[in-house]
>>> print(open('data_22.cif').read())   # mmCIF, C-alpha atoms
data_upload
#
loop_
_atom_site.group_PDB
_atom_site.id
_atom_site.type_symbol
_atom_site.label_atom_id
_atom_site.label_comp_id
_atom_site.auth_asym_id
_atom_site.auth_seq_id
_atom_site.Cartn_x
_atom_site.Cartn_y
_atom_site.Cartn_z
ATOM 1 C CA MET T 1 103.756 99.821 67.100
ATOM 2 C CA LYS T 2 103.945 99.897 70.858
ATOM 3 C CA TYR T 3 105.923 102.270 73.018
ATOM 4 C CA LEU T 4 106.398 102.491 76.733
ATOM 5 C CA LEU T 5 107.061 106.066 77.825
ATOM 6 C CA LEU T 6 109.239 106.445 80.894
ATOM 7 C CA THR T 7 110.145 109.906 82.106
ATOM 8 C CA THR T 8 111.747 111.416 85.133
ATOM 9 C CA LEU T 9 111.459 115.073 86.019
ATOM 10 C CA ALA T 10 114.722 116.326 87.440
ATOM 11 C CA GLY T 11 115.488 119.826 88.541
ATOM 12 C CA LEU T 12 113.630 122.646 90.151
ATOM 13 C CA THR T 13 109.993 123.521 89.912
ATOM 14 C CA PHE T 14 108.672 126.735 91.375
ATOM 15 C CA SER T 15 105.299 127.710 92.746
ATOM 16 C CA THR T 16 103.569 130.637 94.334
ATOM 17 C CA THR T 17 100.638 129.461 96.402
ATOM 18 C CA PRO T 18 98.369 130.877 99.075
ATOM 19 C CA ALA T 19 99.417 129.893 102.594
ATOM 20 C CA LEU T 20 98.905 126.200 103.292
ATOM 21 C CA SER T 21 96.641 127.059 106.228
ATOM 22 C CA GLN T 22 94.086 128.283 103.678
ATOM 23 C CA SER T 23 91.981 125.695 101.900
ATOM 24 C CA THR T 24 92.548 126.397 98.164
ATOM 25 C CA TYR T 25 95.820 126.956 96.315
ATOM 26 C CA PHE T 26 97.122 127.468 92.777
ATOM 27 C CA SER T 27 100.578 126.509 91.554
ATOM 28 C CA GLY T 28 102.674 126.833 88.432
ATOM 29 C CA GLN T 29 105.738 124.739 87.667
ATOM 30 C CA ILE T 30 108.594 124.991 85.201
ATOM 31 C CA GLY T 31 111.293 122.378 85.023
ATOM 32 C CA VAL T 32 113.459 119.986 83.054
ATOM 33 C CA ARG T 33 112.265 116.603 81.888
ATOM 34 C CA ALA T 34 115.005 113.991 81.838
ATOM 35 C CA VAL T 35 114.088 110.813 79.977
ATOM 36 C CA GLN T 36 115.920 107.586 80.648
ATOM 37 C CA GLU T 37 114.854 105.622 77.576
ATOM 38 C CA ILE T 38 111.987 104.520 75.388
ATOM 39 C CA ASP T 39 111.260 100.915 74.458
ATOM 40 C CA GLY T 40 108.917 99.469 71.882
ATOM 41 C CA SER T 41 108.276 96.621 69.526
ATOM 42 C CA LEU T 42 107.230 95.869 65.975
ATOM 43 C CA PRO T 43 106.469 92.406 64.592
ATOM 44 C CA GLY T 44 109.879 90.730 64.640
ATOM 45 C CA ALA T 45 111.747 93.812 65.879
ATOM 46 C CA ALA T 46 112.686 95.303 69.217
ATOM 47 C CA LEU T 47 113.058 99.091 69.426
ATOM 48 C CA SER T 48 114.968 101.129 71.976
ATOM 49 C CA GLY T 49 115.938 104.753 72.015
ATOM 50 C CA GLU T 50 116.960 107.807 73.956
ATOM 51 C CA LEU T 51 115.358 111.213 74.216
ATOM 52 C CA GLY T 52 117.219 114.355 75.199
ATOM 53 C CA ASN T 53 116.269 116.496 78.162
ATOM 54 C CA GLY T 54 113.266 118.654 77.468
ATOM 55 C CA PHE T 55 110.791 121.162 78.836
ATOM 56 C CA TYR T 56 108.311 120.427 81.624
ATOM 57 C CA GLY T 57 105.512 122.769 82.642
ATOM 58 C CA ALA T 58 102.415 122.363 84.789
ATOM 59 C CA ALA T 59 99.599 124.276 86.441
ATOM 60 C CA ALA T 60 97.515 122.945 89.324
ATOM 61 C CA ILE T 61 94.632 123.919 91.551
ATOM 62 C CA GLY T 62 94.318 122.158 94.864
ATOM 63 C CA ARG T 63 92.745 121.959 98.257
ATOM 64 C CA VAL T 64 94.443 121.500 101.642
ATOM 65 C CA SER T 65 92.943 119.292 104.358
ATOM 66 C CA GLY T 66 95.224 118.899 107.387
ATOM 67 C CA ASN T 67 98.583 117.658 106.126
ATOM 68 C CA TRP T 68 97.047 116.381 102.876
ATOM 69 C CA ARG T 69 96.775 118.237 99.578
ATOM 70 C CA GLN T 70 94.578 117.041 96.725
ATOM 71 C CA GLU T 71 95.157 118.726 93.385
ATOM 72 C CA PHE T 72 94.099 118.693 89.749
ATOM 73 C CA GLU T 73 97.124 119.156 87.456
ATOM 74 C CA LEU T 74 97.547 119.912 83.751
ATOM 75 C CA SER T 75 101.089 119.293 82.521
ATOM 76 C CA THR T 76 103.173 119.075 79.372
ATOM 77 C CA ARG T 77 106.583 117.509 78.759
ATOM 78 C CA ALA T 78 108.708 117.027 75.643
ATOM 79 C CA GLY T 79 111.991 115.379 74.632
ATOM 80 C CA LYS T 80 113.829 115.351 71.291
ATOM 81 C CA LEU T 81 114.963 112.026 69.800
ATOM 82 C CA ASN T 82 118.694 111.340 70.308
ATOM 83 C CA GLY T 83 118.701 107.885 68.704
ATOM 84 C CA LEU T 84 116.529 104.884 67.883
ATOM 85 C CA ASP T 85 117.857 101.325 67.520
ATOM 86 C CA VAL T 86 116.010 98.500 65.742
ATOM 87 C CA ASN T 87 117.210 95.083 66.981
ATOM 88 C CA GLY T 88 120.314 96.783 68.372
ATOM 89 C CA VAL T 89 121.234 98.579 65.120
ATOM 90 C CA ASP T 90 121.050 102.375 64.804
ATOM 91 C CA SER T 91 118.127 103.205 62.516
ATOM 92 C CA GLY T 92 119.329 106.715 61.711
ATOM 93 C CA ALA T 93 115.927 108.022 62.822
ATOM 94 C CA THR T 94 115.555 111.693 63.696
ATOM 95 C CA GLY T 95 112.616 113.852 64.727
ATOM 96 C CA ASP T 96 110.906 115.741 67.481
ATOM 97 C CA GLY T 97 110.761 112.624 69.675
ATOM 98 C CA LEU T 98 107.956 112.278 72.184
ATOM 99 C CA SER T 99 105.780 114.841 73.892
ATOM 100 C CA ALA T 100 102.947 114.327 76.346
ATOM 101 C CA PHE T 101 100.062 116.364 77.712
ATOM 102 C CA ALA T 102 98.653 114.978 80.967
ATOM 103 C CA VAL T 103 95.632 115.526 83.192
ATOM 104 C CA MET T 104 96.445 114.219 86.677
ATOM 105 C CA GLY T 105 94.803 113.960 90.066
ATOM 106 C CA ASN T 106 97.471 114.120 92.797
ATOM 107 C CA ALA T 107 97.428 113.423 96.538
ATOM 108 C CA ILE T 108 100.364 114.946 98.445
ATOM 109 C CA TYR T 109 101.269 114.594 102.142
ATOM 110 C CA ASP T 110 103.148 117.492 103.812
ATOM 111 C CA PHE T 111 105.467 116.593 106.714
ATOM 112 C CA ARG T 112 104.986 119.902 108.569
ATOM 113 C CA SER T 113 107.126 121.168 111.439
ATOM 114 C CA ASP T 114 108.005 124.519 113.023
ATOM 115 C CA SER T 115 110.572 125.058 110.254
ATOM 116 C CA SER T 116 109.966 127.115 107.097
ATOM 117 C CA PHE T 117 110.917 123.982 105.130
ATOM 118 C CA THR T 118 108.218 121.363 104.517
ATOM 119 C CA PRO T 119 109.155 118.045 102.884
ATOM 120 C CA TYR T 120 106.382 116.213 101.036
ATOM 121 C CA LEU T 121 105.573 112.962 99.222
ATOM 122 C CA GLY T 122 102.739 112.243 96.842
ATOM 123 C CA ALA T 123 101.315 110.242 93.992
ATOM 124 C CA GLY T 124 99.088 110.970 91.034
ATOM 125 C CA LEU T 125 96.896 109.092 88.601
ATOM 126 C CA GLY T 126 95.472 110.372 85.333
ATOM 127 C CA PHE T 127 95.487 110.298 81.557
ATOM 128 C CA THR T 128 98.111 111.395 79.046
ATOM 129 C CA SER T 129 98.085 112.019 75.313
ATOM 130 C CA VAL T 130 101.476 111.081 73.843
ATOM 131 C CA THR T 131 102.651 112.416 70.463
ATOM 132 C CA ALA T 132 105.444 110.581 68.612
ATOM 133 C CA ASP T 133 107.454 111.983 65.703
ATOM 134 C CA PHE T 134 110.350 109.849 64.356
ATOM 135 C CA ALA T 135 111.565 109.477 60.788
ATOM 136 C CA GLY T 136 114.324 107.309 59.419
ATOM 137 C CA PRO T 137 115.598 106.117 56.045
ATOM 138 C CA GLY T 138 112.970 103.379 55.944
ATOM 139 C CA GLY T 139 109.874 104.920 57.472
ATOM 140 C CA GLN T 140 108.123 107.234 59.839
ATOM 141 C CA ILE T 141 106.264 107.040 63.128
ATOM 142 C CA ASP T 142 104.021 110.068 63.507
ATOM 143 C CA GLY T 143 100.875 110.108 65.598
ATOM 144 C CA ASP T 144 99.065 110.476 68.890
ATOM 145 C CA ALA T 145 97.992 107.880 71.445
ATOM 146 C CA GLY T 146 96.286 108.111 74.805
ATOM 147 C CA ALA T 147 97.213 106.152 77.915
ATOM 148 C CA VAL T 148 96.642 105.926 81.640
ATOM 149 C CA ALA T 149 99.524 107.528 83.541
ATOM 150 C CA PHE T 150 100.817 107.738 87.091
ATOM 151 C CA GLN T 151 103.441 109.772 88.879
ATOM 152 C CA MET T 152 105.295 109.724 92.181
ATOM 153 C CA ILE T 153 106.241 113.048 93.739
ATOM 154 C CA GLY T 154 108.804 114.026 96.369
ATOM 155 C CA GLY T 155 110.162 117.406 97.324
ATOM 156 C CA VAL T 156 110.488 120.244 99.776
ATOM 157 C CA SER T 157 108.800 123.644 99.940
ATOM 158 C CA LEU T 158 110.041 126.832 101.566
ATOM 159 C CA ALA T 159 107.533 129.342 102.911
ATOM 160 C CA LEU T 160 108.377 132.810 101.570
ATOM 161 C CA SER T 161 105.551 134.629 103.326
ATOM 162 C CA GLU T 162 102.153 133.941 104.824
ATOM 163 C CA GLY T 163 100.656 133.553 101.355
ATOM 164 C CA SER T 164 103.374 132.041 99.142
ATOM 165 C CA SER T 165 106.020 129.358 98.945
ATOM 166 C CA ILE T 166 108.625 128.078 96.520
ATOM 167 C CA PHE T 167 109.404 124.410 96.066
ATOM 168 C CA ALA T 168 111.775 121.957 94.427
ATOM 169 C CA ASP T 169 110.599 118.471 93.612
ATOM 170 C CA LEU T 170 111.316 115.327 91.660
ATOM 171 C CA ARG T 171 108.521 113.595 89.723
ATOM 172 C CA TYR T 172 108.671 110.126 88.252
ATOM 173 C CA PHE T 173 106.036 110.007 85.483
ATOM 174 C CA ARG T 174 105.109 106.883 83.595
ATOM 175 C CA ALA T 175 102.493 106.186 80.950
ATOM 176 C CA ALA T 176 101.034 102.792 80.116
ATOM 177 C CA GLU T 177 101.949 101.180 76.827
ATOM 178 C CA THR T 178 100.842 103.231 73.836
ATOM 179 C CA ASP T 179 100.262 102.168 70.216
ATOM 180 C CA PHE T 180 101.559 104.091 67.196
ATOM 181 C CA THR T 181 101.433 103.316 63.480
ATOM 182 C CA LEU T 182 104.538 102.801 61.390
ATOM 183 C CA THR T 183 103.967 104.279 57.913
ATOM 184 C CA ALA T 184 106.911 102.293 56.464
ATOM 185 C CA PRO T 185 109.548 100.024 58.020
ATOM 186 C CA LEU T 186 112.419 101.764 59.810
#
>>> encode(input="data_22.cif", output="structure tokens")
Amino acid sequence: MKYLLLTTLAGLTFSTTPALSQSTYFSGQIGVRAVQEIDGSLPGAALSGELGNGFYGAAAIGRVSGNWRQEFELSTRAGKLNGLDVNGVDSGATGDGLSAFAVMGNAIYDFRSDSSFTPYLGAGLGFTSVTADFAGPGGQIDGDAGAVAFQMIGGVSLALSEGSSIFADLRYFRAAETDFTLTAPL
């Protein structure tokens, strides 16, 4: 079974970091993961489904060089299954949906000015481990698969003091196609 995981992080993420003029920083993020849809295929069947909004959390350590930040990020995201269609027909599947743990390397550019607000754009590349858990009247998909992942990042930070800031950003996260095993037909 093949699934393409497409997620969008929407909402606020918060961080306390040392001042950007210093070279090393740490950040923690909490947010909401909003998933548009999941798509997949089985021999002779097309699958599509929806996941509900879920939790997003991340921790990162990074280094500042001029207007650029390079960071190493560990993140987790989850979304409960709202529905799964097989060839356009509701399968009645339920379950925990999809969750992912990712290790990412991000590069972020800060558009600095004299203001306390600093907009930024970035991108990341890494690896994610995706866990699927769906069960329906005719079968179950339950397993883990690894995939290359990327993300695009955009947001704004607000300096709170010389040594900390808070930020809000939007992250588009996407994993390459992943393979899962169907224990019985859905």
>>> residues_near_point(input="data_22.cif", point="(108.6, 125.5, 101.0)", cutoff="6 Å", atoms="only C-alpha atoms", output="compact mmCIF listing (two decimals) with C-alpha atoms, keeping the file's coordinate frame")
# COMPACT_ATOMS: atom_id res chain seq x y z
CA PHE T 117 110.92 123.98 105.13
CA THR T 118 108.22 121.36 104.52
CA VAL T 156 110.49 120.24 99.78
CA SER T 157 108.80 123.64 99.94
CA LEU T 158 110.04 126.83 101.57
CA ALA T 159 107.53 129.34 102.91
CA SER T 165 106.02 129.36 98.94
CA ILE T 166 108.62 128.08 96.52
CA PHE T 167 109.40 124.41 96.07
>>> atom_distance(input="data_22.cif", atom1="atom CA of T:Phe111", atom2="atom CA of T:Gly155")
10.5 Å
>>> residues_near_point(input="data_22.cif", point="(105.0, 110.9, 65.6)", cutoff="8 Å", atoms="all atoms listed in the file", output="list in words")
Asp96, Gly97, Leu98, Thr131, Ala132, Asp133, Phe134, Gln140, Ile141, Asp142, Gly143, Asp144 and Phe180 of chain T
>>> closest_residue(input="data_22.cif", among="T:Ala93, T:Ile38, T:Ala60, T:Leu160", to="T:Ala107", atoms="only C-alpha atoms")
T:Ala60
>>> closest_residue(input="data_22.cif", among="T:Gly126, T:Gly54, T:Gly31, T:Gly163", to="T:Asn106", atoms="only C-alpha atoms")
T:Gly126
>>> closest_residue(input="data_22.cif", among="T:Gly136, T:Gly124, T:Arg33, T:Asp179", to="T:Gly154", atoms="all atoms listed in the file")
T:Gly124
>>> atom_distance(input="data_22.cif", atom1="atom CA of T:Tyr25", atom2="atom CA of T:Arg63")
6.2 Å
>>> atom_distance(input="data_22.cif", atom1="atom CA of T:Arg174", atom2="atom CA of T:Gly40")
14.4 Å
>>> closest_residue(input="data_22.cif", among="T:Ala135, T:Ala58, T:Met104, T:Val130", to="T:Gly79", atoms="all atoms listed in the file")
T:Val130
>>> resolve_selection(input="data_22.cif", expression="the PyMOL selection byres ((chain T and resi 128) around 12)", output="ChimeraX atom specification")
/T:5,73-77,99-105,125-127,129-131,144-151,173-178
>>> resolve_selection(input="data_22.cif", expression="the PyMOL selection byres ((chain T and resi 83) around 7)", output="ChimeraX atom specification")
/T:49-50,81-82,84-85,93
>>> resolve_selection(input="data_22.cif", expression="the PyMOL selection byres ((chain T and resi 121) around 8)", output="PyMOL selection string")
chain T and resi 108-110+119-120+122-123+152-155
>>> closest_residue(input="data_22.cif", among="T:Asn87, T:Ser116, T:Ser65, T:Thr94", to="T:Thr24", atoms="all atoms listed in the file")
T:Ser65
>>> decode(input="data_22.cif", residues="stretch 111-178 of chain T", atoms="C-alpha atoms", output="short mmCIF file (atom, residue, chain, number, x, y, z; two decimals), in the first residue's frame")
data_model
loop_
_atom_site.label_atom_id
_atom_site.label_comp_id
_atom_site.auth_asym_id
_atom_site.auth_seq_id
_atom_site.Cartn_x
_atom_site.Cartn_y
_atom_site.Cartn_z
CA PHE T 111 14.56 39.93 6.86
CA ARG T 112 15.89 42.18 9.66
CA SER T 113 15.09 45.86 10.12
CA ASP T 114 15.06 48.40 12.96
CA SER T 115 11.66 47.04 14.02
CA SER T 116 11.10 44.48 16.79
CA PHE T 117 9.31 42.35 14.17
CA THR T 118 11.42 40.15 11.89
CA PRO T 119 9.76 38.28 9.01
CA TYR T 120 11.51 35.13 7.79
CA LEU T 121 11.38 32.44 5.10
CA GLY T 122 13.04 29.05 5.09
CA ALA T 123 13.15 25.49 3.88
CA GLY T 124 14.10 22.16 5.38
CA LEU T 125 15.09 18.70 4.23
CA GLY T 126 15.20 15.54 6.31
CA PHE T 127 13.73 12.16 7.12
CA THR T 128 10.40 11.19 8.67
CA SER T 129 9.02 7.99 10.15
CA VAL T 130 5.28 7.77 9.44
CA THR T 131 2.97 5.52 11.48
CA ALA T 132 -0.41 4.52 10.01
CA ASP T 133 -3.32 3.03 11.97
CA PHE T 134 -6.61 2.45 10.09
CA ALA T 135 -9.13 -0.35 10.52
CA GLY T 136 -12.31 -1.02 8.62
CA PRO T 137 -14.84 -3.81 8.20
CA GLY T 138 -12.60 -5.56 5.68
CA GLY T 139 -9.08 -5.03 6.95
CA GLN T 140 -6.44 -3.05 8.72
CA ILE T 141 -3.47 -0.88 7.83
CA ASP T 142 -1.10 -0.70 10.78
CA GLY T 143 2.61 -0.04 10.47
CA ASP T 144 5.56 2.28 10.13
CA ALA T 145 7.40 3.54 7.05
CA GLY T 146 10.28 5.93 6.56
CA ALA T 147 10.52 8.60 3.88
CA VAL T 148 12.47 11.65 2.81
CA ALA T 149 10.63 14.84 3.79
CA PHE T 150 10.82 18.55 3.10
CA GLN T 151 9.20 21.64 4.54
CA MET T 152 8.76 25.29 3.63
CA ILE T 153 8.66 27.82 6.45
CA GLY T 154 7.36 31.39 6.66
CA GLY T 155 6.66 33.56 9.66
CA VAL T 156 7.45 36.54 11.82
CA SER T 157 9.24 36.83 15.16
CA LEU T 158 8.89 39.50 17.81
CA ALA T 159 11.85 40.32 20.04
CA LEU T 160 10.73 40.27 23.69
CA SER T 161 14.11 41.17 25.17
CA GLU T 162 17.78 41.03 24.29
CA GLY T 163 17.80 37.27 24.80
CA SER T 164 14.37 35.99 23.74
CA SER T 165 11.72 36.21 21.06
CA ILE T 166 8.31 34.75 20.28
CA PHE T 167 7.23 33.78 16.79
CA ALA T 168 4.29 32.66 14.69
CA ASP T 169 4.88 30.67 11.55
CA LEU T 170 3.30 28.46 8.93
CA ARG T 171 5.04 25.25 7.82
CA TYR T 172 4.16 23.18 4.80
CA PHE T 173 5.51 19.67 5.45
CA ARG T 174 5.48 16.89 2.91
CA ALA T 175 6.83 13.36 2.97
CA ALA T 176 7.68 11.26 -0.07
CA GLU T 177 5.48 8.30 -0.90
CA THR T 178 5.46 5.68 1.85
#
